[in-house]
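For reference, run-v9.cif (mmCIF, C-alpha atoms):
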```cif
data_entry
#
loop_
_atom_site.label_atom_id
_atom_site.label_comp_id
_atom_site.auth_asym_id
_atom_site.auth_seq_id
_atom_site.Cartn_x
_atom_site.Cartn_y
_atom_site.Cartn_z
CA MET R 5 0.00 0.00 0.00
CA GLU R 6 1.23 3.47 -0.88
CA TYR R 7 0.42 6.47 1.30
CA ARG R 8 0.52 9.66 -0.70
CA PRO R 9 0.76 13.21 0.62
CA LEU R 10 -1.99 15.70 -0.07
CA GLU R 11 -1.87 17.47 -3.41
CA GLY R 12 -0.95 21.00 -2.47
CA PHE R 13 0.27 22.60 0.75
CA VAL R 14 -0.78 22.35 4.38
CA LEU R 15 -1.12 25.48 6.50
CA ALA R 16 0.09 25.06 10.11
CA VAL R 17 -0.96 27.72 12.63
CA THR R 18 0.59 27.39 16.08
CA PRO R 19 0.03 29.02 19.51
CA PHE R 20 2.47 30.62 21.93
CA ASN R 21 2.01 28.38 24.93
CA PHE R 22 3.69 25.09 23.98
CA THR R 23 6.89 25.16 21.93
CA ALA R 24 6.34 21.45 21.23
CA ILE R 25 3.06 22.24 19.46
CA GLY R 26 5.00 24.66 17.28
CA GLY R 27 7.15 21.70 16.26
CA ASN R 28 4.40 19.12 15.95
CA LEU R 29 1.90 20.93 13.75
CA PRO R 30 4.19 21.69 10.79
CA ALA R 31 6.50 18.69 11.25
CA SER R 32 3.80 16.00 11.33
CA ALA R 33 2.42 17.19 7.99
CA ALA R 34 5.94 17.39 6.52
CA MET R 35 6.74 13.87 7.73
CA CYS R 36 3.74 12.65 5.73
CA GLY R 37 5.27 14.17 2.59
CA ASN R 38 3.47 17.51 2.52
CA VAL R 39 4.82 20.98 1.86
CA VAL R 40 3.92 23.26 4.78
CA VAL R 41 3.35 26.97 5.31
CA TRP R 42 3.88 27.61 9.03
CA LYS R 43 2.51 30.69 10.78
CA PRO R 44 3.39 30.95 14.49
CA ALA R 45 1.60 33.24 16.92
CA ASN R 46 3.20 36.69 17.14
CA THR R 47 4.18 35.89 20.73
CA GLN R 48 5.89 32.66 19.60
CA VAL R 49 8.18 34.07 16.94
CA TYR R 50 11.45 33.55 18.84
CA SER R 51 10.87 29.90 19.72
CA ALA R 52 9.53 29.20 16.23
CA GLN R 53 12.59 30.55 14.45
CA MET R 54 14.84 28.64 16.87
CA PHE R 55 13.02 25.39 16.13
CA MET R 56 13.29 26.11 12.43
CA ARG R 57 17.05 26.60 12.77
CA ILE R 58 17.31 23.24 14.52
CA MET R 59 15.37 21.48 11.75
CA LYS R 60 17.53 23.11 9.08
CA GLU R 61 20.67 22.04 10.91
CA ALA R 62 19.27 18.49 11.08
CA GLY R 63 18.95 18.43 7.29
CA LEU R 64 15.47 19.70 6.47
CA PRO R 65 15.55 20.74 2.79
CA ASP R 66 14.63 24.26 1.76
CA GLY R 67 10.98 24.76 0.85
CA VAL R 68 9.50 21.84 2.83
CA ILE R 69 8.46 23.88 5.89
CA ASN R 70 8.12 27.58 5.14
CA LEU R 71 8.04 29.74 8.26
CA VAL R 72 6.27 33.06 7.71
CA TYR R 73 5.72 36.03 10.02
CA VAL R 74 2.49 37.66 8.96
CA ASP R 75 -0.80 38.80 10.45
CA GLY R 76 -3.80 36.49 10.33
CA PRO R 77 -5.95 38.35 7.77
CA THR R 78 -3.08 38.57 5.29
CA LEU R 79 -2.29 34.88 5.74
CA GLY R 80 -5.91 33.90 5.22
CA LYS R 81 -6.29 36.08 2.13
CA VAL R 82 -3.33 34.38 0.46
CA CYS R 83 -3.63 30.77 1.64
CA PHE R 84 -7.39 30.27 1.68
CA ASN R 85 -7.74 31.71 -1.81
CA HIS R 86 -5.02 29.51 -3.35
CA LYS R 87 -6.03 26.58 -5.55
CA ASP R 88 -3.32 24.40 -4.00
CA PHE R 89 -4.54 24.83 -0.42
CA ALA R 90 -4.91 21.22 0.79
CA GLY R 91 -5.34 21.39 4.55
CA VAL R 92 -4.92 23.26 7.80
CA HIS R 93 -3.40 22.04 11.07
CA PHE R 94 -4.41 24.53 13.75
CA THR R 95 -4.16 25.17 17.47
CA GLY R 96 -5.68 28.39 18.76
CA SER R 97 -8.95 30.05 19.62
CA THR R 98 -12.37 28.69 18.73
CA GLY R 99 -13.38 31.99 17.12
CA VAL R 100 -10.43 32.02 14.73
CA PHE R 101 -10.94 28.37 13.81
CA ASN R 102 -14.64 28.95 13.15
CA ASN R 103 -13.74 31.82 10.83
CA MET R 104 -11.22 29.62 9.00
CA TRP R 105 -13.80 26.88 8.53
CA GLU R 106 -16.35 29.35 7.19
CA THR R 107 -13.84 30.88 4.77
CA ILE R 108 -12.71 27.48 3.48
CA GLY R 109 -16.33 26.48 2.93
CA LYS R 110 -17.05 29.58 0.90
CA ASN R 111 -13.95 29.01 -1.23
CA MET R 112 -14.48 25.31 -1.99
CA ALA R 113 -14.93 25.87 -5.70
CA GLN R 114 -11.38 27.24 -5.95
CA TYR R 115 -9.55 24.19 -4.57
CA LYS R 116 -8.21 21.17 -6.41
CA SER R 117 -9.48 18.86 -3.65
CA TYR R 118 -11.40 18.96 -0.38
CA PRO R 119 -9.04 20.43 2.26
CA ARG R 120 -8.39 18.47 5.46
CA ILE R 121 -9.32 20.64 8.44
CA VAL R 122 -7.79 19.64 11.78
CA GLY R 123 -7.91 21.93 14.80
CA GLU R 124 -7.64 22.05 18.55
CA THR R 125 -9.30 25.11 19.98
CA GLY R 126 -10.54 26.38 23.35
CA GLY R 127 -11.35 24.71 26.63
CA LYS R 128 -13.20 25.31 29.88
CA ASP R 129 -11.81 22.35 31.70
CA PHE R 130 -13.40 20.95 34.83
CA VAL R 131 -12.62 19.09 38.03
CA VAL R 132 -15.55 17.41 39.75
CA ALA R 133 -15.02 16.21 43.30
CA HIS R 134 -17.31 13.57 44.81
CA LYS R 135 -18.26 13.61 48.50
CA SER R 136 -15.88 10.67 49.01
CA ALA R 137 -12.91 12.61 47.62
CA ASP R 138 -9.75 13.21 49.64
CA ALA R 139 -9.44 16.98 50.20
CA ASP R 140 -5.66 16.86 49.77
CA VAL R 141 -5.99 15.18 46.37
CA VAL R 142 -8.59 17.73 45.28
CA ALA R 143 -6.53 20.72 46.41
CA THR R 144 -3.36 19.43 44.77
CA ALA R 145 -5.16 18.74 41.49
CA LEU R 146 -6.61 22.25 41.48
CA LEU R 147 -3.45 24.09 42.50
CA ARG R 148 -1.35 22.37 39.86
CA GLY R 149 -4.02 21.99 37.21
CA ALA R 150 -5.19 25.60 37.38
CA PHE R 151 -1.99 27.55 38.03
CA GLU R 152 0.94 25.79 36.37
CA TYR R 153 2.15 28.01 33.54
CA GLN R 154 -0.23 30.70 34.84
CA GLY R 155 -3.20 28.69 33.58
CA GLN R 156 -2.17 29.40 29.98
CA LYS R 157 -2.99 25.90 28.82
CA CYS R 158 -6.01 24.84 26.83
CA SER R 159 -6.19 21.93 29.30
CA ALA R 160 -5.89 23.98 32.51
CA ALA R 161 -8.44 23.45 35.28
CA SER R 162 -10.72 26.45 35.05
CA ARG R 163 -13.91 25.39 36.85
CA ALA R 164 -14.32 23.13 39.86
CA TYR R 165 -17.35 21.57 41.50
CA LEU R 166 -16.86 20.88 45.21
CA PRO R 167 -19.27 18.93 47.42
CA SER R 168 -20.41 20.82 50.50
CA ASN R 169 -19.00 18.27 52.94
CA ILE R 170 -15.35 18.94 51.98
CA ALA R 171 -15.59 22.44 50.48
CA GLU R 172 -14.30 24.31 53.55
CA GLU R 173 -11.30 22.01 53.92
CA VAL R 174 -10.44 22.31 50.23
CA LYS R 175 -10.88 26.09 50.44
CA ARG R 176 -8.39 26.31 53.30
CA LYS R 177 -5.85 24.21 51.43
CA LEU R 178 -6.28 26.23 48.24
CA ILE R 179 -5.70 29.49 50.10
CA GLU R 180 -2.61 28.07 51.81
CA GLY R 181 -1.31 26.73 48.51
CA VAL R 182 -1.75 29.97 46.56
CA LYS R 183 -0.12 31.98 49.34
CA SER R 184 2.88 29.62 49.23
CA PHE R 185 3.55 30.29 45.54
CA LYS R 186 6.48 32.52 44.67
CA MET R 187 5.78 34.88 41.79
CA GLY R 188 8.37 36.61 39.63
CA THR R 189 10.44 36.40 36.45
CA VAL R 190 11.51 33.17 34.80
CA GLU R 191 15.21 33.64 35.56
CA ASP R 192 14.57 32.44 39.12
CA PHE R 193 13.45 28.80 38.94
CA THR R 194 11.90 29.00 42.41
CA HIS R 195 9.18 31.26 40.99
CA PHE R 196 6.16 29.00 40.43
CA ILE R 197 4.13 31.87 38.94
CA ASN R 198 5.46 34.05 36.13
CA ALA R 199 3.95 36.81 34.03
CA VAL R 200 1.17 36.12 31.53
CA ILE R 201 2.12 36.31 27.87
CA ASP R 202 1.26 39.92 26.98
CA GLU R 203 -0.70 43.04 27.90
CA LYS R 204 -3.79 42.02 25.93
CA SER R 205 -4.02 38.83 27.94
CA PHE R 206 -3.34 40.70 31.19
CA ASP R 207 -6.13 43.18 30.53
CA LYS R 208 -8.62 40.45 29.67
CA ILE R 209 -7.85 38.45 32.83
CA GLN R 210 -7.93 41.56 35.02
CA ASN R 211 -11.36 42.49 33.68
CA TYR R 212 -12.80 39.13 34.74
CA ILE R 213 -11.26 39.45 38.21
CA GLU R 214 -12.40 43.04 38.75
CA GLN R 215 -15.93 42.14 37.67
CA ALA R 216 -15.99 39.24 40.13
CA LYS R 217 -15.01 41.60 42.94
CA LYS R 218 -18.10 43.72 42.19
CA ASP R 219 -20.65 40.94 41.59
CA SER R 220 -22.92 39.68 44.36
CA ASN R 221 -22.88 36.24 42.70
CA ALA R 222 -19.14 35.87 43.23
CA SER R 223 -16.49 36.21 45.93
CA ILE R 224 -12.70 36.01 45.89
CA TRP R 225 -11.25 33.26 48.10
CA VAL R 226 -7.62 34.21 47.46
CA GLY R 227 -5.58 36.30 45.03
CA GLY R 228 -7.16 38.90 42.80
CA GLU R 229 -4.22 41.30 42.53
CA CYS R 230 -2.88 42.36 39.11
CA ASN R 231 0.17 44.50 38.38
CA LYS R 232 1.83 45.41 35.08
CA GLU R 233 4.41 47.92 36.25
CA GLU R 234 7.28 45.48 35.70
CA GLY R 235 5.72 42.68 33.69
CA PHE R 236 2.20 41.37 33.27
CA PHE R 237 1.74 39.66 36.62
CA VAL R 238 -1.61 38.25 37.74
CA GLN R 239 -1.84 36.71 41.18
CA PRO R 240 -3.38 33.21 41.11
CA THR R 241 -7.04 33.78 41.88
CA VAL R 242 -9.80 31.51 43.17
CA ILE R 243 -13.35 32.76 42.71
CA GLU R 244 -16.37 31.16 44.34
CA ALA R 245 -19.44 31.42 42.14
CA LYS R 246 -22.83 31.36 43.87
CA ASP R 247 -24.43 30.78 40.47
CA PRO R 248 -23.17 27.68 38.58
CA ASN R 249 -23.67 29.59 35.33
CA TYR R 250 -21.64 32.60 36.44
CA VAL R 251 -19.54 34.03 33.62
CA THR R 252 -16.18 32.70 34.88
CA MET R 253 -17.69 29.21 35.12
CA CYS R 254 -18.59 29.32 31.42
CA GLU R 255 -16.08 31.42 29.46
CA GLU R 256 -12.46 30.58 28.69
CA ILE R 257 -10.13 33.02 30.49
CA PHE R 258 -6.70 31.52 29.70
CA GLY R 259 -5.02 32.76 32.83
CA PRO R 260 -4.45 31.92 36.51
CA VAL R 261 -8.12 32.07 37.50
CA LEU R 262 -10.05 29.13 38.94
CA THR R 263 -13.77 29.37 39.64
CA VAL R 264 -15.36 27.06 42.21
CA TYR R 265 -19.00 26.14 42.68
CA VAL R 266 -20.03 24.40 45.91
CA TYR R 267 -22.87 21.94 45.38
CA PRO R 268 -24.97 19.97 47.91
CA ALA R 269 -22.97 16.82 48.64
CA ASP R 270 -25.92 14.52 47.93
CA GLU R 271 -26.62 16.01 44.49
CA PHE R 272 -23.69 14.48 42.64
CA GLU R 273 -25.62 13.14 39.64
CA LYS R 274 -27.48 16.41 39.20
CA THR R 275 -24.16 18.23 39.32
CA LEU R 276 -22.73 16.01 36.58
CA GLU R 277 -25.57 17.15 34.33
CA LEU R 278 -24.63 20.74 35.19
CA VAL R 279 -20.99 20.09 34.29
CA ASP R 280 -22.00 18.60 30.95
CA SER R 281 -24.23 21.53 29.97
CA THR R 282 -22.42 24.60 31.34
CA SER R 283 -19.73 25.17 28.71
CA PRO R 284 -19.63 24.81 24.92
CA TYR R 285 -16.16 23.24 25.20
CA ALA R 286 -15.16 19.60 25.67
CA LEU R 287 -11.39 19.34 25.95
CA THR R 288 -10.26 17.97 29.34
CA GLY R 289 -11.82 17.17 32.68
CA SER R 290 -11.40 15.02 35.75
CA ILE R 291 -13.35 13.24 38.47
CA ILE R 292 -11.92 12.87 41.96
CA SER R 293 -13.51 10.18 44.10
CA THR R 294 -12.75 7.10 46.17
CA ASP R 295 -16.14 5.64 45.29
CA ARG R 296 -15.82 3.36 42.26
CA ALA R 297 -19.52 3.65 41.41
CA ALA R 298 -19.27 7.45 41.41
CA VAL R 299 -16.27 7.30 39.06
CA GLU R 300 -18.17 4.99 36.70
CA LEU R 301 -21.23 7.23 36.78
CA ALA R 302 -19.15 10.33 36.03
CA THR R 303 -17.30 8.55 33.23
CA ASN R 304 -20.58 7.69 31.53
CA LYS R 305 -22.37 10.99 32.19
CA LEU R 306 -19.42 13.11 31.05
CA ARG R 307 -18.43 10.95 28.09
CA ASN R 308 -18.95 13.80 25.62
CA ALA R 309 -17.82 16.60 27.95
CA ALA R 310 -14.08 15.95 27.61
CA GLY R 311 -11.72 14.43 25.05
CA ASN R 312 -9.12 13.67 27.71
CA PHE R 313 -10.76 12.48 30.93
CA TYR R 314 -8.73 11.94 34.09
CA ILE R 315 -9.56 9.98 37.25
CA ASN R 316 -8.16 11.18 40.58
CA ASP R 317 -5.76 13.56 38.86
CA LYS R 318 -5.58 17.07 37.46
CA PRO R 319 -6.96 17.54 33.93
CA THR R 320 -3.54 18.33 32.43
CA GLY R 321 -0.42 16.39 31.51
CA ALA R 322 -1.34 13.97 28.71
CA VAL R 323 1.72 11.85 27.98
CA VAL R 324 3.05 12.52 24.48
CA GLY R 325 3.22 9.35 22.42
CA GLN R 326 0.94 7.43 24.77
CA GLN R 327 -2.27 9.44 24.99
CA PRO R 328 -3.94 11.08 22.00
CA PHE R 329 -4.83 14.66 22.89
CA GLY R 330 -7.88 16.52 21.67
CA GLY R 331 -11.50 17.33 22.33
CA ALA R 332 -14.87 17.77 20.75
CA ARG R 333 -17.74 20.27 20.71
CA ALA R 334 -16.19 23.75 20.57
CA SER R 335 -12.76 22.37 21.51
CA GLY R 336 -11.84 21.05 18.09
CA THR R 337 -11.91 18.15 15.66
CA ASN R 338 -10.64 15.46 18.06
CA ASP R 339 -7.00 14.38 18.04
CA LYS R 340 -4.27 16.36 16.35
CA ALA R 341 -3.03 15.27 12.96
CA GLY R 342 0.04 13.07 13.18
CA SER R 343 -1.47 10.45 15.46
CA ILE R 344 -2.48 7.04 14.16
CA LEU R 345 -6.09 8.10 14.70
CA ASN R 346 -5.93 11.17 12.48
#
```

Any chance you could put this one into structure tokens?
Amino acid sequence: MEYRPLEGFVLAVTPFNFTAIGGNLPASAAMCGNVVVWKPANTQVYSAQMFMRIMKEAGLPDGVINLVYVDGPTLGKVCFNHKDFAGVHFTGSTGVFNNMWETIGKNMAQYKSYPRIVGETGGKDFVVAHKSADADVVATALLRGAFEYQGQKCSAASRAYLPSNIAEEVKRKLIEGVKSFKMGTVEDFTHFINAVIDEKSFDKIQNYIEQAKKDSNASIWVGGECNKEEGFFVQPTVIEAKDPNYVTMCEEIFGPVLTVYVYPADEFEKTLELVDSTSPYALTGSIISTDRAAVELATNKLRNAAGNFYINDKPTGAVVGQQPFGGARASGTNDKAGSILN
């Protein structure tokens, strides 16, 4: 059997937050024999050019992967109107991906063949704790899952559902944990929290936090301070939402902000239905419980709510080469291209 590359070029669009994604998206298409146009995020330019240098030094021929620094509209105007456009391999926001899909659809008559569209987009990733959960396990999963890399992961824990019987204990541990974090620049490896990527991101995150401070449906457990005098630093923040549909329970923030909803401990199954219906995304999620029946119930009820589903762990950290990574609903087209499944 002969596997042939696509006829035309593949467009790879990569995000700032994982340098490895910047390598995977263009390289996987190239390894399958395709010519690639690679556009990195503006905030990823340095790491992208460094990776490109490494590939060239390793023997990558000229013209196989073509790294371009250009704004999105210009890129789209050129690539999506070209007859040889054969596919897109994308990681980024849901809004941008939706626009790409719409544009490609409108331009179908121009292309030689039907383009392959593969994308991983946003997430509003959850942690659901059962009344049998160990408070230490819950707190650790939330502290690491929500605040590693300042929450700038599509898989980061962003909303948590705590049963009333352990909520106060988890709250205390979260407050202690956040207060123990050192925050500062990346030169000091003891700093667990660094700056967010840029001012636009800082302003967006700060707006959510400031609104939560004013709203009667929300309260700040810990954190909430933002400062951009010497870098775009946002203190890890835990918000308690009185309303399970409060804005920070539903919308992707992409920063060090975790929103918690405390539910009646005996309403676990009802809460699972809430988790499944609250957000348009379905990327990652986890259940924390020592009750096997509760784990099985959550696994079945939340089957379509997360592509990567974790048990008694944080919803981040898929092992490359062992676990496919991707989601559904507004989180993308399932696994990234390059896996055996895609």

Identify the residues around (-11.4, 20.8, 14.2) within a radius of 9 Å, measuring from all atoms listed in the file in the coordinates stated by the file, and give them as a PyMOL selection string.
chain R and resi 93-94+101-102+105+121-125+331-332+334-340

Expansion of the PyMOL selection byres ((chain R and resi 49) around 10) into residues, as a VMD selection string
chain R and resid 19 to 20 26 43 to 48 50 to 55 71 to 73

Closest-contact table, stretch 226-316 of chain R side, partner stretch 175-181 of chain R, 9 Å, counting only C-alpha atoms, as JSON lines:
```
{"residue": "R:Val226", "atom": "CA", "partner": "R:Ile179", "partner_atom": "CA", "distance": 5.7}
{"residue": "R:Gly227", "atom": "CA", "partner": "R:Ile179", "partner_atom": "CA", "distance": 8.5}
{"residue": "R:Val242", "atom": "CA", "partner": "R:Leu178", "partner_atom": "CA", "distance": 8.1}
```

Assuming the chain letters and numbering stay as they are in my file, what does the PyMOL selection byres ((chain R and resi 274-281) around 7) actually select? List them as a PyMOL selection string.
chain R and resi 271-273+282-283+302+305-306+309

Considering only C-alpha atoms, state which residue in the set R:Ser184, R:Thr288, R:Asn21, R:Thr189 is at the smallest distance from R:Ser159.
R:Thr288

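Across the model, the gap from atom CA of R:Thr18 to atom CA of R:Ala164 is 28.4 Å.
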
Please provide the set of residues having any atom within 9 Å of R:Gln114, restricted to only C-alpha atoms, with same-chain residues fewer than 6 positions apart removed, written as a PDB file with C-alpha atoms, keeping the file's coordinate frame.
```
ATOM      1  CA  ASN R  85      -7.740  31.710  -1.810  1.00  0.00           C
ATOM      2  CA  HIS R  86      -5.020  29.510  -3.350  1.00  0.00           C
ATOM      3  CA  LYS R  87      -6.030  26.580  -5.550  1.00  0.00           C
ATOM      4  CA  ASP R  88      -3.320  24.400  -4.000  1.00  0.00           C
TER       5      ASP R  88
END
```

What is the distance, in Å and to one decimal place, between atom CA of R:Arg148 and atom CA of R:Val17?
27.8 Å

To one decimal place in Å, what is the distance between atom CA of R:Tyr153 and atom CA of R:Ala137?
25.7 Å

Please determine, counting all atoms listed in the file, which residue among R:Asn103, R:Gln210, R:Ser168, R:Thr294 has the shortest atom-to-atom distance to R:Phe237.
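Of all the options, R:Gln210 lies closest to R:Phe237.
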
Which residue gives the smallest distance to R:Glu11 among R:Cys36, R:Ile209, R:Met112, R:Ala216, with all atoms listed in the file counted?
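Residue with the minimum atom-to-atom distance to R:Glu11: R:Cys36.
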
Show me, as a list in words, the residues that have an atom within 12 Å of R:Leu64 when counting only C-alpha atoms, minus same-chain residues fewer than 6 positions from it.
Ala31, Ala34, Met35, Val39, Phe55, Met56, Arg57, Ile58 and Asn70 of chain R

Proximity to R:Trp42 - best of R:Asp66, R:Tyr7, R:Gly155, R:Ala16, all atoms listed in the file
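Ranked by minimum distance to R:Trp42, first place goes to R:Ala16.
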
From the set R:Val251, R:Ser290, R:Val141, R:Phe89, which residue has the shortest atom-to-atom contact distance to R:Ala113, counting all atoms listed in the file?
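Ranked by minimum distance to R:Ala113, first place goes to R:Phe89.
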
Name the residues captured by the PyMOL selection byres ((chain R and resi 246) around 8) when it is applied to the shown file; answer as JSON, numbers by chain.
{"R": [221, 222, 244, 245, 247, 248, 250, 265, 266]}

Quick one: contact table of stretch 114-185 of chain R to stretch 257-262 of chain R, 7 Å max, nearest atom pair and distance in Å to one decimal per residue, counting all atoms listed in the file, chain and number order, as CSV?
```
residue,atom,partner,partner_atom,distance
R:Ala150,CA,R:Leu262,CA,6.2
R:Phe151,CA,R:Pro260,CA,5.2
R:Gln154,CA,R:Pro260,CA,4.7
R:Gly155,CA,R:Gly259,CA,4.5
R:Gln156,CA,R:Phe258,CA,5.0
R:Lys157,CA,R:Phe258,CA,6.8
R:Ala161,CA,R:Leu262,CA,6.9
R:Ser162,CA,R:Leu262,CA,4.8
R:Arg163,CA,R:Leu262,CA,5.8
```

Please produce an output containing C-alpha atoms for each residue in the selection, written as a PDB file, in the frame of the given file.
```pdb
ATOM      1  CA  ALA R 150      -5.190  25.600  37.380  1.00  0.00           C
ATOM      2  CA  PHE R 151      -1.990  27.550  38.030  1.00  0.00           C
ATOM      3  CA  GLN R 154      -0.230  30.700  34.840  1.00  0.00           C
ATOM      4  CA  GLY R 155      -3.200  28.690  33.580  1.00  0.00           C
ATOM      5  CA  GLN R 156      -2.170  29.400  29.980  1.00  0.00           C
ATOM      6  CA  LYS R 157      -2.990  25.900  28.820  1.00  0.00           C
ATOM      7  CA  ALA R 161      -8.440  23.450  35.280  1.00  0.00           C
ATOM      8  CA  SER R 162     -10.720  26.450  35.050  1.00  0.00           C
ATOM      9  CA  ARG R 163     -13.910  25.390  36.850  1.00  0.00           C
TER      10      ARG R 163
END
```

Go through R:Ala199, R:Ala145, R:Met59, R:Val264 and flag the residue nearest R:Ile224, using all atoms listed in the file for the distances.
R:Val264

Write out as a list of chain:residue names the residues lying within 8 Å of R:Met187, counting only C-alpha atoms and excluding same-chain residues fewer than 3 positions away.
R:His195, R:Phe196, R:Ile197, R:Asn198, R:Gln239

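Within 7 Å of R:His134, once only C-alpha atoms are used and residues closer than 2 positions along the same chain are dropped, the contacting residues are Val132, Ser136, Ala137, Pro167, Phe272, Ile292 and Ser293 of chain R.
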
Saved selection, atoms kept: C-alpha atoms, as a short mmCIF file (atom, residue, chain, number, x, y, z; two decimals), in the frame of the given file:
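Written out: selection25.cif:
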```
data_model
loop_
_atom_site.label_atom_id
_atom_site.label_comp_id
_atom_site.auth_asym_id
_atom_site.auth_seq_id
_atom_site.Cartn_x
_atom_site.Cartn_y
_atom_site.Cartn_z
CA VAL R 132 -15.55 17.41 39.75
CA SER R 136 -15.88 10.67 49.01
CA ALA R 137 -12.91 12.61 47.62
CA PRO R 167 -19.27 18.93 47.42
CA PHE R 272 -23.69 14.48 42.64
CA ILE R 292 -11.92 12.87 41.96
CA SER R 293 -13.51 10.18 44.10
#
```
